[in-house]
Amino acid sequence: MDLDLRKLRYFVAVADRLHFGRAADDLHIAQPVLSRQIRALEHDLGTELLIRDSHGVALTDAGRQLLTDAGPTLASAHAVRGRVTAAARGNRRLMVGFRAGIAVSAAVRDFAIRQPNVIVDVQRIESDEQAVMLLDGRIDVAYVRLPIDETGLTVTPLYAEPRVAVLPAGHRFAGKEQITEADLTGEPLLWHPDISTQPTKRPHPNAGYLVRGVDETLEHVAAGRGISFLARSTAVFYSHPEVRYVPVTDLAADQVCLAVPASRTSPVVNDFLAAAQATAEITAECGNDEMWHLANGAAARHS
């Protein structure tokens, strides 16, 4: 069965608002037309998606699942439409995703020599977006940090980098040159969700506040709500006057890879992979010892 994207957009509008009238107004169609389209979608899928009664509109379990899946599906269709339109105009673009702390400029410069007629756009992504945005077409290639669900992807290792503890400025270990993982036993940990490995459960018994992204991490650490761990290059790019970064000597290294959808094979994608591999050492140097000490020293001086 082919899923009708127009019906899917109509369903999302109703599911987001839980009101047929407001959804119809936003879609600029008559409410009876919208109701018929939703009924038709339910018929296509063979299941009820919405409960309609005197109390209003509610989602069924099937409706909630469809709403979860609809976002990436519609985003992928929009991305395809954009790429086709750009191609029709003679424009070629490559959208490159990257995680915080990873510098992509060296690869972009190298790629420009290989493909001078391709425009490169860049977009920062978070851990729970890595696979999703690649598979739904919003980004074409991405610098990712493991772990990542590799289903449907081709993942090429680039380099590894040390990780550091992220501690409040007043923490007993904040002034140390280095510590071990055992030193932090029992410390409350901020919880970084990763849908590829921990869809429902917290990854550690001491996991506390849920945070998403580096900025939230630093604010929670500064407020004394827990500690965290980041790749050292991330610490170079992000500072906070109330946070200290301390190397953890026995902590597993952070693995940086380039990921592409397995179905997206083209000279353009292959050339960017070649550029990423050729400049991997330069990219890794963004977290080198000299830059690390400069960044961490600057944070200390601001306290």
# chains A, B, ... in the order shown; residues from 1 in each chain; ligands from 1
$ residues_around --residues "Ala62 in chain A" --least-positions-apart "4" --cutoff "12 Å" --atoms "only C-alpha atoms" --output "NGL selection string"
:A and (15 or 42 or 45-51 or 58 or 66-70)
$ write_last_selection --atoms "C-alpha atoms" --output "JSON list (two decimals), in the first residue's frame"
[["chain", "number", "residue", "atom", "x", "y", "z"],
["A", 15, "ALA", "CA", -3.21, 15.12, 15.51],
["A", 42, "GLU", "CA", -7.91, 5.11, 8.24],
["A", 45, "LEU", "CA", -4.30, 1.68, 6.86],
["A", 46, "GLY", "CA", -7.07, -0.58, 8.09],
["A", 47, "THR", "CA", -7.17, 0.92, 11.56],
["A", 48, "GLU", "CA", -8.71, 3.76, 13.55],
["A", 49, "LEU", "CA", -6.31, 6.63, 14.13],
["A", 50, "LEU", "CA", -8.48, 9.11, 16.00],
["A", 51, "ILE", "CA", -11.20, 8.77, 18.62],
["A", 58, "ALA", "CA", -7.89, 11.83, 20.89],
["A", 66, "LEU", "CA", 1.69, 7.23, 12.89],
["A", 67, "LEU", "CA", 2.29, 10.71, 14.30],
["A", 68, "THR", "CA", 5.75, 9.63, 15.47],
["A", 69, "ASP", "CA", 6.61, 8.21, 12.05],
["A", 70, "ALA", "CA", 4.97, 10.98, 10.02]]
$ select_by_dssp --residues "range 32-176 of chain A" --states "strand (DSSP E or B)" --output "PyMOL selection string"
chain A and resi 50-53+56-59+92-98+118-124+141-145+153-161+163-168
$ residues_around --residues "range 165-171 of chain A" --least-positions-apart "6" --cutoff "7 Å" --atoms "only C-alpha atoms" --output "JSON list (two decimals) with N, CA and C atoms, in the first residue's frame"
[["chain", "number", "residue", "atom", "x", "y", "z"],
["A", 221, "VAL", "N", 25.32, 21.37, 34.65],
["A", 221, "VAL", "CA", 26.54, 21.13, 35.43],
["A", 221, "VAL", "C", 26.85, 22.35, 36.28],
["A", 222, "ALA", "N", 26.77, 23.54, 35.69],
["A", 222, "ALA", "CA", 27.06, 24.77, 36.43],
["A", 222, "ALA", "C", 26.12, 24.94, 37.63],
["A", 224, "GLY", "N", 25.04, 22.59, 39.41],
["A", 224, "GLY", "CA", 25.31, 21.55, 40.40],
["A", 224, "GLY", "C", 24.36, 20.38, 40.34],
["A", 227, "ILE", "N", 27.18, 15.75, 36.81],
["A", 227, "ILE", "CA", 28.36, 15.89, 35.97],
["A", 227, "ILE", "C", 28.09, 15.22, 34.64],
["A", 228, "SER", "N", 29.00, 15.41, 33.69],
["A", 228, "SER", "CA", 28.82, 14.78, 32.39],
["A", 228, "SER", "C", 30.19, 14.52, 31.78],
["A", 229, "PHE", "N", 30.19, 13.96, 30.58],
["A", 229, "PHE", "CA", 31.41, 13.71, 29.83],
["A", 229, "PHE", "C", 31.22, 14.21, 28.41],
["A", 230, "LEU", "N", 32.26, 14.84, 27.87],
["A", 230, "LEU", "CA", 32.22, 15.34, 26.50],
["A", 230, "LEU", "C", 33.52, 14.98, 25.79],
["A", 242, "GLU", "N", 31.45, 28.81, 34.87],
["A", 242, "GLU", "CA", 31.21, 28.03, 36.09],
["A", 242, "GLU", "C", 31.40, 26.54, 35.87],
["A", 243, "VAL", "N", 32.11, 26.18, 34.81],
["A", 243, "VAL", "CA", 32.34, 24.78, 34.48],
["A", 243, "VAL", "C", 33.82, 24.54, 34.24],
["A", 244, "ARG", "N", 34.32, 23.37, 34.65],
["A", 244, "ARG", "CA", 35.69, 22.98, 34.39],
["A", 244, "ARG", "C", 35.70, 21.64, 33.65],
["A", 245, "TYR", "N", 36.68, 21.49, 32.77],
["A", 245, "TYR", "CA", 36.88, 20.24, 32.04],
["A", 245, "TYR", "C", 38.14, 19.57, 32.57],
["A", 246, "VAL", "N", 38.04, 18.31, 32.92],
["A", 246, "VAL", "CA", 39.19, 17.57, 33.46],
["A", 246, "VAL", "C", 39.34, 16.26, 32.68],
["A", 247, "PRO", "N", 40.53, 16.01, 32.11],
["A", 247, "PRO", "CA", 40.74, 14.75, 31.38],
["A", 247, "PRO", "C", 40.54, 13.53, 32.29],
["A", 248, "VAL", "N", 39.92, 12.50, 31.73],
["A", 248, "VAL", "CA", 39.72, 11.24, 32.44],
["A", 248, "VAL", "C", 40.57, 10.20, 31.72]]
$ closest_residue --among "A:Phe272, A:Phe11, A:Phe173, A:Phe111" --to "Leu34 in chain A" --atoms "only C-alpha atoms"
A:Phe11
$ atom_distance --atom1 "CA of Ala275 in chain A" --atom2 "CA of Val144 in chain A"
15.6 Å
$ residues_around --residues "Gln277 in chain A" --least-positions-apart "2" --cutoff "10 Å" --atoms "only C-alpha atoms" --output "list in words"
Ala107, Thr156, Pro157, Leu158, Tyr159, Cys257, Leu258, Asp271, Phe272, Leu273, Ala274, Ala275, Thr279, Ala280, Glu281, Ile282 and Thr283 of chain A
$ atom_distance --atom1 "CA of Glu216 in chain A" --atom2 "CA of Val260 in chain A"
27.7 Å
